[in-house]
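Okay, structure_20.cif is below, mmCIF, C-alpha atoms:
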data_final
loop_
_atom_site.label_atom_id
_atom_site.label_comp_id
_atom_site.auth_asym_id
_atom_site.auth_seq_id
_atom_site.Cartn_x
_atom_site.Cartn_y
_atom_site.Cartn_z
CA MET A 1 -27.44 -12.21 -1.85
CA LEU A 2 -29.07 -9.23 -3.49
CA ASN A 3 -32.37 -9.95 -5.19
CA THR A 4 -33.08 -8.75 -8.74
CA ARG A 5 -34.58 -5.44 -7.65
CA GLU A 6 -31.68 -4.65 -5.31
CA LYS A 7 -29.21 -5.39 -8.10
CA LYS A 8 -31.04 -2.94 -10.35
CA ALA A 9 -31.04 -0.27 -7.65
CA ILE A 10 -27.41 -0.61 -6.62
CA THR A 11 -25.71 -0.32 -9.99
CA ARG A 12 -21.96 -0.05 -10.62
CA ASN A 13 -22.05 3.76 -10.52
CA VAL A 14 -24.11 3.83 -7.32
CA PHE A 15 -21.72 1.33 -5.75
CA LEU A 16 -18.59 3.29 -6.72
CA THR A 17 -19.95 6.70 -5.68
CA GLY A 18 -21.01 5.05 -2.43
CA PHE A 19 -17.41 4.06 -1.72
CA THR A 20 -16.24 7.57 -2.60
CA SER A 21 -18.64 8.95 -0.02
CA PHE A 22 -17.61 6.24 2.46
CA PHE A 23 -13.95 7.27 2.42
CA THR A 24 -14.74 10.98 2.21
CA ASP A 25 -16.87 10.76 5.32
CA ILE A 26 -14.18 8.83 7.17
CA SER A 27 -11.99 11.85 6.49
CA SER A 28 -14.60 14.45 7.41
CA GLU A 29 -15.92 12.79 10.55
CA MET A 30 -12.43 12.17 11.93
CA ILE A 31 -12.27 15.91 12.55
CA TYR A 32 -15.86 17.23 12.51
CA PRO A 33 -16.64 16.33 16.16
CA LEU A 34 -13.48 18.20 17.17
CA ILE A 35 -14.25 21.52 15.48
CA GLN A 36 -16.16 23.01 18.42
CA ALA A 37 -13.41 21.88 20.85
CA PHE A 38 -10.73 23.20 18.49
CA VAL A 39 -12.45 26.58 18.18
CA SER A 40 -12.87 26.66 21.98
CA MET A 41 -9.13 26.13 22.41
CA ILE A 42 -8.15 28.71 19.79
CA MET A 43 -10.52 31.23 21.42
CA ALA A 44 -9.66 30.41 25.03
CA SER A 45 -9.31 34.11 25.87
CA GLN A 46 -12.61 35.04 24.15
CA ARG A 47 -15.05 32.48 25.54
CA ALA A 48 -18.02 34.86 25.31
CA LEU A 49 -17.67 34.93 21.53
CA LEU A 50 -17.53 31.14 21.14
CA GLY A 51 -21.20 30.64 20.20
CA PRO A 52 -21.41 33.50 17.65
CA ILE A 53 -18.01 32.65 16.08
CA LEU A 54 -18.96 28.97 15.77
CA GLY A 55 -22.22 30.05 14.16
CA ILE A 56 -20.39 32.34 11.73
CA ILE A 57 -17.88 29.62 10.75
CA GLU A 58 -20.53 26.98 10.11
CA GLY A 59 -23.07 29.37 8.59
CA ILE A 60 -20.72 31.01 6.09
CA ALA A 61 -19.05 27.72 5.19
CA GLU A 62 -22.32 25.94 4.48
CA SER A 63 -24.42 28.69 2.92
CA THR A 64 -21.93 30.62 0.80
CA ALA A 65 -20.42 27.49 -0.73
CA SER A 66 -23.90 26.11 -1.33
CA LEU A 67 -24.53 28.80 -3.92
CA LEU A 68 -22.20 26.77 -6.12
CA LYS A 69 -24.49 23.75 -6.00
CA VAL A 70 -27.11 25.17 -8.34
CA PHE A 71 -24.43 26.66 -10.61
CA PHE A 72 -22.56 23.38 -10.97
CA GLY A 73 -25.83 21.47 -11.28
CA TYR A 74 -26.72 23.77 -14.17
CA TYR A 75 -23.18 23.50 -15.58
CA SER A 76 -23.34 19.71 -15.39
CA ASP A 77 -26.64 19.69 -17.29
CA ARG A 78 -25.18 22.03 -19.92
CA ILE A 79 -21.98 20.07 -20.57
CA GLN A 80 -23.80 16.74 -20.03
CA LYS A 81 -21.04 15.44 -17.79
CA ARG A 82 -21.23 14.31 -14.16
CA ARG A 83 -17.92 12.63 -13.35
CA LEU A 84 -15.41 15.47 -13.81
CA PRO A 85 -17.24 18.00 -11.56
CA ALA A 86 -17.54 15.26 -8.92
CA ILE A 87 -13.80 14.53 -9.05
CA ALA A 88 -12.94 18.25 -8.83
CA GLY A 89 -15.26 18.74 -5.86
CA TYR A 90 -14.05 15.79 -3.81
CA SER A 91 -10.40 16.73 -4.46
CA THR A 92 -10.98 20.32 -3.31
CA SER A 93 -12.58 19.17 -0.05
CA GLY A 94 -9.73 16.77 0.71
CA LEU A 95 -6.97 19.33 0.19
CA ALA A 96 -8.83 22.08 2.10
CA LYS A 97 -8.04 20.31 5.38
CA LEU A 98 -4.41 21.42 5.09
CA LEU A 99 -5.51 24.96 6.03
CA LEU A 100 -6.48 23.74 9.49
CA LEU A 101 -2.76 23.46 10.22
CA LEU A 102 -2.61 27.27 10.15
CA ALA A 103 -5.36 27.76 12.75
CA SER A 104 -2.91 28.85 15.44
CA PHE A 105 -2.68 32.15 13.53
CA GLY A 106 -6.39 32.80 14.03
CA TRP A 107 -9.87 31.28 13.91
CA TYR A 108 -10.37 32.68 10.40
CA PHE A 109 -8.15 29.88 9.03
CA ILE A 110 -10.69 27.41 10.43
CA LEU A 111 -13.37 29.39 8.60
CA LEU A 112 -11.34 29.30 5.37
CA ALA A 113 -10.72 25.55 5.66
CA ARG A 114 -14.40 24.82 6.33
CA PHE A 115 -15.41 27.18 3.52
CA LEU A 116 -13.19 25.49 0.91
CA ASP A 117 -14.30 22.08 2.13
CA ARG A 118 -17.90 23.12 1.46
CA VAL A 119 -16.92 24.71 -1.87
CA GLY A 120 -15.77 21.24 -2.87
CA LYS A 121 -19.12 19.88 -1.75
CA GLY A 122 -20.87 22.60 -3.74
CA ILE A 123 -19.02 21.57 -6.89
CA ARG A 124 -19.61 17.83 -6.58
CA THR A 125 -23.02 17.34 -4.96
CA ALA A 126 -25.56 18.05 -7.73
CA PRO A 127 -23.60 16.28 -10.53
CA ARG A 128 -23.01 13.26 -8.27
CA ASP A 129 -26.67 13.07 -7.24
CA ALA A 130 -27.74 13.35 -10.87
CA LEU A 131 -25.32 10.54 -11.73
CA ILE A 132 -26.89 8.33 -9.05
CA SER A 133 -30.40 9.16 -10.24
CA GLU A 134 -29.61 8.51 -13.91
CA SER A 135 -27.90 5.23 -13.06
CA THR A 136 -31.01 3.92 -11.29
CA PRO A 137 -34.47 2.76 -12.47
CA THR A 138 -37.33 5.11 -11.56
CA GLU A 139 -38.93 2.59 -9.22
CA ALA A 140 -35.75 2.27 -7.13
CA GLN A 141 -34.64 5.90 -6.71
CA GLY A 142 -35.30 5.96 -2.96
CA LYS A 143 -33.33 2.76 -2.41
CA ALA A 144 -30.35 4.01 -4.42
CA PHE A 145 -30.17 7.35 -2.60
CA GLY A 146 -30.74 5.58 0.70
CA PHE A 147 -27.86 3.20 -0.04
CA HIS A 148 -25.62 6.15 -0.88
CA ARG A 149 -26.49 7.96 2.34
CA GLY A 150 -25.98 4.72 4.22
CA MET A 151 -22.43 4.51 2.82
CA ASP A 152 -21.93 8.16 3.81
CA PHE A 153 -22.83 7.43 7.39
CA ALA A 154 -20.96 4.13 7.48
CA GLY A 155 -17.83 6.14 6.67
CA ALA A 156 -18.87 8.74 9.22
CA THR A 157 -19.21 6.01 11.85
CA LEU A 158 -15.73 4.66 11.14
CA GLY A 159 -14.30 8.19 11.08
CA ALA A 160 -15.88 8.99 14.43
CA LEU A 161 -14.53 5.70 15.83
CA ILE A 162 -10.99 6.58 14.71
CA CYS A 163 -11.46 10.04 16.22
CA PHE A 164 -12.68 8.49 19.49
CA PHE A 165 -9.60 6.30 19.96
CA LEU A 166 -7.18 9.05 19.00
CA VAL A 167 -8.88 11.45 21.43
CA LEU A 168 -8.57 8.86 24.19
CA ARG A 169 -4.85 8.66 23.37
CA PHE A 170 -4.26 12.41 23.62
CA MET A 171 -7.04 13.60 25.98
CA ASP A 172 -6.08 15.59 29.07
CA PRO A 173 -7.24 13.54 32.11
CA VAL A 174 -8.20 16.67 34.04
CA THR A 175 -10.11 18.74 31.46
CA LYS A 176 -11.45 15.68 29.57
CA THR A 177 -10.66 17.34 26.25
CA LEU A 178 -7.69 17.92 23.96
CA THR A 179 -5.36 20.66 25.21
CA ASP A 180 -2.44 20.19 22.82
CA LEU A 181 -2.56 21.73 19.34
CA THR A 182 -0.17 19.04 18.10
CA ALA A 183 -2.81 16.36 18.73
CA PHE A 184 -5.35 18.28 16.66
CA TYR A 185 -2.86 18.76 13.83
CA LEU A 186 -1.99 15.05 13.77
CA LEU A 187 -5.66 14.17 13.34
CA PHE A 188 -6.04 16.75 10.57
CA LEU A 189 -3.10 15.31 8.63
CA ILE A 190 -4.28 11.71 8.97
CA SER A 191 -7.75 12.71 7.74
CA ILE A 192 -6.42 13.71 4.31
CA ILE A 193 -5.47 10.11 3.43
CA PRO A 194 -9.00 8.58 3.21
CA ALA A 195 -10.21 11.72 1.40
CA LEU A 196 -7.76 11.11 -1.44
CA ILE A 197 -8.58 7.38 -1.51
CA GLY A 198 -12.23 8.28 -2.04
CA VAL A 199 -11.41 10.32 -5.14
CA VAL A 200 -9.76 7.30 -6.79
CA PHE A 201 -13.09 5.41 -7.02
CA LEU A 202 -14.57 8.17 -9.19
CA PHE A 203 -12.09 7.47 -11.98
CA PHE A 204 -13.86 4.13 -12.49
CA VAL A 205 -17.33 5.70 -12.75
CA LYS A 206 -18.92 5.76 -16.22
CA GLU A 207 -20.89 8.69 -17.57
CA THR A 208 -24.58 7.82 -17.90
CA LYS A 209 -26.52 7.94 -21.14
CA ALA A 210 -29.85 8.96 -19.66
CA HIS A 211 -29.16 12.69 -19.80
CA ILE A 212 -27.29 12.69 -23.14
CA VAL A 213 -29.27 13.74 -26.21
CA GLN A 214 -27.93 13.22 -29.72
CA ASP A 215 -26.86 16.31 -31.65
CA THR A 216 -29.61 15.64 -34.21
CA GLN A 217 -32.25 16.00 -31.52
CA GLU A 218 -33.38 19.10 -29.71
CA LYS A 219 -31.66 19.29 -26.33
CA PRO A 220 -33.84 20.38 -23.40
CA LYS A 221 -32.25 23.40 -21.74
CA PRO A 222 -31.68 23.38 -17.97
CA LYS A 223 -34.12 25.61 -16.11
CA LEU A 224 -32.55 28.16 -13.79
CA ASP A 225 -35.92 29.81 -13.09
CA PRO A 226 -37.70 27.82 -10.35
CA ARG A 227 -41.03 29.21 -11.58
CA GLY A 228 -40.79 26.70 -14.41
CA TYR A 229 -40.78 23.81 -11.93
CA ASP A 230 -43.71 21.75 -10.70
CA LYS A 231 -45.76 23.53 -8.00
CA ASN A 232 -45.16 20.69 -5.55
CA LEU A 233 -41.41 21.08 -6.03
CA ARG A 234 -41.58 24.84 -5.41
CA VAL A 235 -43.60 24.34 -2.21
CA PHE A 236 -41.17 21.63 -1.14
CA PHE A 237 -38.26 24.06 -1.63
CA LEU A 238 -40.09 26.62 0.55
CA ALA A 239 -40.66 23.99 3.25
CA GLN A 240 -36.97 23.09 3.13
CA LEU A 241 -35.99 26.73 3.63
CA ILE A 242 -38.26 27.07 6.68
CA PHE A 243 -36.97 23.80 8.13
CA THR A 244 -33.35 24.81 7.57
CA LEU A 245 -33.78 28.06 9.52
CA GLY A 246 -34.14 25.91 12.63
CA ASN A 247 -31.66 23.25 11.55
CA SER A 248 -28.42 24.72 12.86
CA SER A 249 -25.05 22.98 12.59
CA ASN A 250 -24.53 19.73 14.47
CA GLN A 251 -21.65 21.52 16.17
CA PHE A 252 -24.25 23.01 18.53
CA LEU A 253 -25.53 19.55 19.44
CA LEU A 254 -21.94 18.51 20.19
CA LEU A 255 -21.32 21.68 22.18
CA ARG A 256 -24.58 21.23 24.08
CA SER A 257 -23.61 17.65 24.94
CA MET A 258 -20.25 18.77 26.33
CA ASN A 259 -21.88 21.58 28.31
CA LEU A 260 -24.13 18.98 29.93
CA CYS A 261 -21.01 17.54 31.58
CA HIS A 262 -19.97 14.86 29.12
CA ALA A 263 -16.29 14.43 28.27
CA LEU A 264 -15.16 15.00 24.68
CA SER A 265 -14.50 11.27 24.22
CA THR A 266 -18.03 10.43 25.43
CA VAL A 267 -19.58 13.01 23.11
CA ILE A 268 -17.65 11.56 20.17
CA LEU A 269 -18.94 8.12 21.09
CA MET A 270 -22.52 9.45 21.07
CA TYR A 271 -21.82 11.01 17.69
CA LEU A 272 -20.54 7.64 16.48
CA VAL A 273 -23.79 5.94 17.56
CA PHE A 274 -25.74 8.64 15.72
CA ASN A 275 -23.83 7.92 12.49
CA LEU A 276 -24.20 4.18 12.96
CA SER A 277 -27.98 4.34 13.32
CA THR A 278 -28.25 6.38 10.10
CA SER A 279 -25.93 4.03 8.25
CA LEU A 280 -27.93 0.94 9.23
CA LEU A 281 -31.35 2.39 8.39
CA ALA A 282 -30.90 4.76 5.42
CA THR A 283 -31.27 2.11 2.69
CA SER A 284 -34.37 0.63 4.35
CA PHE A 285 -36.15 3.97 4.66
CA GLY A 286 -35.21 4.88 1.09
CA SER A 287 -36.71 1.60 -0.08
CA LEU A 288 -39.78 2.21 2.09
CA SER A 289 -40.33 5.55 0.34
CA ASP A 290 -40.32 3.71 -3.00
CA ARG A 291 -43.25 1.62 -1.74
CA ILE A 292 -45.42 3.98 0.33
CA GLY A 293 -44.39 7.37 -1.09
CA ARG A 294 -41.85 10.03 -0.16
CA LYS A 295 -44.28 12.35 1.64
CA ARG A 296 -45.20 9.99 4.47
CA VAL A 297 -41.59 9.12 5.23
CA LEU A 298 -40.50 12.76 5.15
CA MET A 299 -43.28 13.93 7.46
CA ALA A 300 -42.43 11.20 9.95
CA GLY A 301 -38.74 12.15 9.76
CA TYR A 302 -39.31 15.86 10.37
CA SER A 303 -41.64 15.04 13.26
CA LEU A 304 -38.91 12.90 14.81
CA TYR A 305 -36.45 15.77 14.37
CA ALA A 306 -38.80 18.07 16.30
CA VAL A 307 -38.95 15.58 19.18
CA VAL A 308 -35.15 15.25 19.31
CA TYR A 309 -34.42 18.98 19.17
CA ILE A 310 -37.00 19.86 21.80
CA ALA A 311 -35.54 17.11 23.99
CA PHE A 312 -32.05 18.61 23.63
CA GLY A 313 -33.52 21.88 24.84
CA PHE A 314 -35.02 20.39 28.01
CA ILE A 315 -32.35 17.85 29.03
CA SER A 316 -30.44 19.00 32.11
CA ARG A 317 -27.17 17.91 33.69
CA GLU A 318 -29.13 15.65 36.01
CA THR A 319 -30.81 13.90 33.04
CA ASN A 320 -27.87 14.04 30.62
CA PHE A 321 -27.91 10.22 30.34
CA LEU A 322 -30.92 10.71 28.01
CA LEU A 323 -28.51 11.96 25.34
CA TRP A 324 -27.63 8.29 24.78
CA LEU A 325 -31.24 7.84 23.61
CA PHE A 326 -31.65 10.98 21.55
CA TRP A 327 -28.36 10.88 19.61
CA PRO A 328 -29.24 7.58 17.85
CA THR A 329 -32.84 8.80 17.45
CA TYR A 330 -31.41 11.82 15.67
CA GLY A 331 -29.67 9.36 13.35
CA VAL A 332 -33.03 7.77 12.52
CA TYR A 333 -34.28 11.21 11.40
CA TYR A 334 -31.33 11.47 9.00
CA ALA A 335 -32.04 7.98 7.64
CA MET A 336 -35.68 8.92 7.00
CA THR A 337 -35.05 12.20 5.19
CA GLU A 338 -31.72 12.84 3.48
CA GLY A 339 -31.87 10.24 0.72
CA VAL A 340 -35.66 10.52 0.41
CA GLU A 341 -35.48 14.30 -0.13
CA LYS A 342 -33.15 13.81 -3.09
CA ALA A 343 -35.32 11.06 -4.53
CA PHE A 344 -38.38 13.34 -4.24
CA VAL A 345 -36.63 16.16 -6.11
CA SER A 346 -35.43 13.71 -8.77
CA ASP A 347 -38.97 12.33 -9.20
CA ILE A 348 -40.51 15.63 -10.27
CA SER A 349 -37.61 17.63 -11.73
CA PRO A 350 -38.07 18.86 -15.34
CA MET A 351 -36.55 17.00 -18.28
CA GLY A 352 -32.93 18.03 -18.82
CA SER A 353 -32.78 19.87 -15.47
CA ARG A 354 -32.28 17.09 -12.94
CA ALA A 355 -28.86 18.26 -11.73
CA THR A 356 -30.07 21.89 -11.75
CA ALA A 357 -33.12 21.01 -9.64
CA LEU A 358 -30.98 19.02 -7.22
CA GLY A 359 -28.62 21.99 -7.14
CA PHE A 360 -31.53 24.28 -6.24
CA TYR A 361 -32.49 21.92 -3.44
CA HIS A 362 -28.96 21.89 -1.98
CA THR A 363 -28.55 25.64 -2.46
CA ILE A 364 -31.81 26.47 -0.68
CA VAL A 365 -30.76 24.28 2.23
CA GLY A 366 -27.26 25.76 2.25
CA VAL A 367 -28.38 29.39 2.06
CA GLY A 368 -30.72 28.80 4.96
CA LEU A 369 -27.84 27.50 7.07
CA LEU A 370 -26.19 30.93 7.28
CA PRO A 371 -29.02 32.65 9.20
CA ALA A 372 -29.77 29.33 10.94
CA SER A 373 -26.29 28.99 12.42
CA ILE A 374 -26.00 32.69 13.27
CA ILE A 375 -29.43 32.62 14.95
CA ALA A 376 -28.41 29.48 16.83
CA GLY A 377 -25.13 31.06 17.92
CA ILE A 378 -26.89 34.13 19.28
CA LEU A 379 -29.63 32.09 20.97
CA PHE A 380 -27.04 29.75 22.49
CA SER A 381 -25.16 32.67 24.03
CA ILE A 382 -28.41 33.90 25.60
CA LEU A 383 -29.86 30.54 26.66
CA PRO A 384 -28.19 27.22 25.72
CA SER A 385 -31.55 25.45 25.23
CA ALA A 386 -33.06 28.16 23.00
CA PRO A 387 -31.70 27.12 19.56
CA PHE A 388 -33.05 23.59 20.03
CA LEU A 389 -36.54 24.73 20.97
CA PHE A 390 -36.52 27.06 17.96
CA GLY A 391 -35.40 24.19 15.70
CA GLY A 392 -38.21 21.99 16.95
CA ALA A 393 -40.78 24.69 16.18
CA MET A 394 -39.48 25.11 12.62
CA ALA A 395 -39.68 21.35 12.07
CA ILE A 396 -43.32 21.30 13.17
CA ALA A 397 -44.08 24.14 10.72
CA THR A 398 -42.42 22.11 7.94
CA VAL A 399 -44.57 19.07 8.68
CA VAL A 400 -47.70 21.23 8.40
CA ILE A 401 -46.63 22.73 5.05
CA ILE A 402 -45.73 19.37 3.49
CA GLY A 403 -48.82 17.70 4.92
CA PHE A 404 -51.30 20.25 3.52
CA PHE A 405 -49.62 21.72 0.43
CA VAL A 406 -47.37 19.06 -1.14
CA GLU A 407 -48.77 16.20 -3.20
CA GLU A 408 -47.00 13.05 -4.33
CA GLY A 409 -45.79 13.21 -7.93
#

Rewrite the structure of this file - the entire thing - as structure tokens.
Amino acid sequence: MLNTREKKAITRNVFLTGFTSFFTDISSEMIYPLIQAFVSMIMASQRALLGPILGIIEGIAESTASLLKVFFGYYSDRIQKRRLPAIAGYSTSGLAKLLLLLASFGWYFILLARFLDRVGKGIRTAPRDALISESTPTEAQGKAFGFHRGMDFAGATLGALICFFLVLRFMDPVTKTLTDLTAFYLLFLISIIPALIGVVFLFFVKETKAHIVQDTQEKPKPKLDPRGYDKNLRVFFLAQLIFTLGNSSNQFLLLRSMNLCHALSTVILMYLVFNLSTSLLATSFGSLSDRIGRKRVLMAGYSLYAVVYIAFGFISRETNFLLWLFWPTYGVYYAMTEGVEKAFVSDISPMGSRATALGFYHTIVGVGLLPASIIAGILFSILPSAPFLFGGAMAIATVVIIGFFVEEG
């Protein structure tokens, strides 16, 4: 049974948004591990362009759509509503998957589908995170965000498991990958169902009172100028941008794993273990950050990321069994950072600007993903290990910046 503190941390709203994320990630992760294989098949006659095109698809989808995160965070603070933007965002992402059915006409339909999926994420993320923060006591922010990320990755684990069994059903025994567009399309259609189920939970979420100010009182205006934020928050945003430049899409980790002579089904299984490790540990690390501080947990997480990425750069076909170690270790990095980053931003965001500050955080990360993925695509086409060594170096730089220039709030 949950003790009193756990009950306070995991409130009704946190619980419901957790299930929304659970079903949404089932939908997303049913198809995410297949994107690089799908693009490879669509571009079979243009293999030399695979790395750059994959980088363009992931970079544009993540970064351009992420510009919406600060706008909708600001909009949510202005209208003092969280639920409706979240519903609109999750619905957009679910329906965007239909565009993947048109990919036979060109890779740009994959780009459009991924872009609209991320637009939906841009609409929903900051209002949803503000809802979680405002539904949770200050002393339990890390635990609440950790629980939410744990539900994310629990859904991702189940989605990857479904993907694994369906790939086994349709995989070509010779090429060890999917060679039939019909199999891809079937997976894309099935993935829409859990996405729509996830939206249903949001209709039972209640707007919080924490951010609502009575008309007779002066309402604090959301701050769109980051210069008005705490110095530690501004330095943290800078560190996030530097880190993101080396944090290319996970599609490159999947592609690297396949290039090291692992079958698509095996790579999906590794990806499943990665999601599982994050799911099991995210709540614990979020709770740990409530006790010992966000900074220590984040520095340890970024250091672990550096180890994993550098390892991906040096692993060869002869030592490819080591991927079974580093994929779950990569999941531990996620458990240590994603929820804790949001809790840190929530801790020191200005009054009346919580969703806006969270939007800035997501936007900075998203904008950095465009050059990050393009850089990774170019580096991968030159030397497959290069983007991972670069990512490790950027992570080390981030640890130094946070260690010396960021103080706990």

- Message: I'd like to know which of A:Trp327, A:Tyr302, A:Tyr361, A:Phe388 is closest to Ser349 of chain A, using only C-alpha atoms.
- Response: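 Checking each of A:Trp327, A:Tyr302, A:Tyr361, A:Phe388 against Ser349 of chain A, counting only C-alpha atoms, the winner is A:Tyr361.
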
Using all atoms listed in the file, determine which residues lie at most 8 Å from segment 248-260 of chain A, disregarding the query and same-chain residues fewer than 5 positions distant; provide the list as a CSV table (one decimal) with C-alpha atoms, in the frame of the given file.
chain,number,residue,atom,x,y,z
A,33,PRO,CA,-16.6,16.3,16.2
A,35,ILE,CA,-14.2,21.5,15.5
A,36,GLN,CA,-16.2,23.0,18.4
A,54,LEU,CA,-19.0,29.0,15.8
A,55,GLY,CA,-22.2,30.0,14.2
A,58,GLU,CA,-20.5,27.0,10.1
A,59,GLY,CA,-23.1,29.4,8.6
A,267,VAL,CA,-19.6,13.0,23.1
A,271,TYR,CA,-21.8,11.0,17.7
A,312,PHE,CA,-32.0,18.6,23.6
A,316,SER,CA,-30.4,19.0,32.1
A,317,ARG,CA,-27.2,17.9,33.7
A,320,ASN,CA,-27.9,14.0,30.6
A,323,LEU,CA,-28.5,12.0,25.3
A,369,LEU,CA,-27.8,27.5,7.1
A,372,ALA,CA,-29.8,29.3,10.9
A,373,SER,CA,-26.3,29.0,12.4
A,376,ALA,CA,-28.4,29.5,16.8
A,384,PRO,CA,-28.2,27.2,25.7
A,387,PRO,CA,-31.7,27.1,19.6
A,391,GLY,CA,-35.4,24.2,15.7

- Query: Which residues fall under the PyMOL selection byres ((chain A and resi 122) around 10) in this file, as a ChimeraX atom specification?
  - Reply: /A:62-73,85-86,89-90,93,116-121,123-127,359,362-363,366

- Nearest-residue call for Met171 of chain A, choices A:Thr24, A:Leu34, A:His148, A:Asp290, using all atoms listed in the file: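 Going through A:Thr24, A:Leu34, A:His148, A:Asp290 one by one, the smallest distance to Met171 of chain A is for A:Leu34.
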
- Message: Report as a ChimeraX atom specification all protein, DNA and RNA residues lying within 8 Å of segment 149-157 of chain A, evaluated on all atoms listed in the file, omitting residues in the same chain fewer than 5 positions from it.
- Response: /A:18-19,21-26,28-30,272-273,275-276,278-283,335,338-339

- Message: I need the residue nearest Arg83 of chain A from this list: A:Arg169, A:Arg128, A:Arg291, A:His262. Use all atoms listed in the file for the distance.
- Response: A:Arg128

- Query: Please, what distance in Å, to one decimal, runs between atom CA of Thr356 of chain A and atom CA of Thr208 of chain A?
  - Reply: 16.3 Å

- Task: Determine the residue membership of the PyMOL selection byres ((chain A and resi 341-344) around 9) for the file above and supply it as a VMD selection string.
- Result: chain A and resid 129 133 141 to 146 233 286 289 294 to 295 298 336 to 340 345 to 349 358 361 408 to 409

- Item | Using all atoms listed in the file: which of A:Phe236, A:Tyr32, A:Phe109, A:Phe188 has the shortest distance to Phe360 of chain A |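 Checking each of A:Phe236, A:Tyr32, A:Phe109, A:Phe188 against Phe360 of chain A, counting all atoms listed in the file, the winner is A:Phe236.
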
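The spacing separating atom CA of Tyr74 of chain A from atom CA of Val367 of chain A amounts to 17.3 Å.
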
Evaluate the PyMOL selection byres ((chain A and resi 38) around 12) here and jot the selected residues down as a short mmCIF file (atom, residue, chain, number, x, y, z; two decimals) with C-alpha atoms, in the coordinates of the input.
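Written file, out_29.cif:
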data_model
loop_
_atom_site.label_atom_id
_atom_site.label_comp_id
_atom_site.auth_asym_id
_atom_site.auth_seq_id
_atom_site.Cartn_x
_atom_site.Cartn_y
_atom_site.Cartn_z
CA ILE A 31 -12.27 15.91 12.55
CA TYR A 32 -15.86 17.23 12.51
CA PRO A 33 -16.64 16.33 16.16
CA LEU A 34 -13.48 18.20 17.17
CA ILE A 35 -14.25 21.52 15.48
CA GLN A 36 -16.16 23.01 18.42
CA ALA A 37 -13.41 21.88 20.85
CA VAL A 39 -12.45 26.58 18.18
CA SER A 40 -12.87 26.66 21.98
CA MET A 41 -9.13 26.13 22.41
CA ILE A 42 -8.15 28.71 19.79
CA MET A 43 -10.52 31.23 21.42
CA ALA A 44 -9.66 30.41 25.03
CA LEU A 50 -17.53 31.14 21.14
CA LEU A 54 -18.96 28.97 15.77
CA LEU A 100 -6.48 23.74 9.49
CA LEU A 101 -2.76 23.46 10.22
CA ALA A 103 -5.36 27.76 12.75
CA SER A 104 -2.91 28.85 15.44
CA GLY A 106 -6.39 32.80 14.03
CA TRP A 107 -9.87 31.28 13.91
CA PHE A 109 -8.15 29.88 9.03
CA ILE A 110 -10.69 27.41 10.43
CA LEU A 111 -13.37 29.39 8.60
CA THR A 177 -10.66 17.34 26.25
CA LEU A 178 -7.69 17.92 23.96
CA THR A 179 -5.36 20.66 25.21
CA ASP A 180 -2.44 20.19 22.82
CA LEU A 181 -2.56 21.73 19.34
CA THR A 182 -0.17 19.04 18.10
CA ALA A 183 -2.81 16.36 18.73
CA PHE A 184 -5.35 18.28 16.66
CA TYR A 185 -2.86 18.76 13.83
CA LEU A 187 -5.66 14.17 13.34
CA PHE A 188 -6.04 16.75 10.57
CA GLN A 251 -21.65 21.52 16.17
CA LEU A 255 -21.32 21.68 22.18
CA LEU A 264 -15.16 15.00 24.68
#

- Minimum-distance residue to Asp77 of chain A, chosen among A:Ala397, A:Ala355, A:Ile402, A:Ile375 (using all atoms listed in the file): A:Ala355

- Query: What gap, in Å, lies between atom CA of Ser76 of chain A and atom CA of Val235 of chain A?
  - Reply: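 Taking atom CA of Ser76 of chain A as the start and atom CA of Val235 of chain A as the end point, the length is 24.6 Å.
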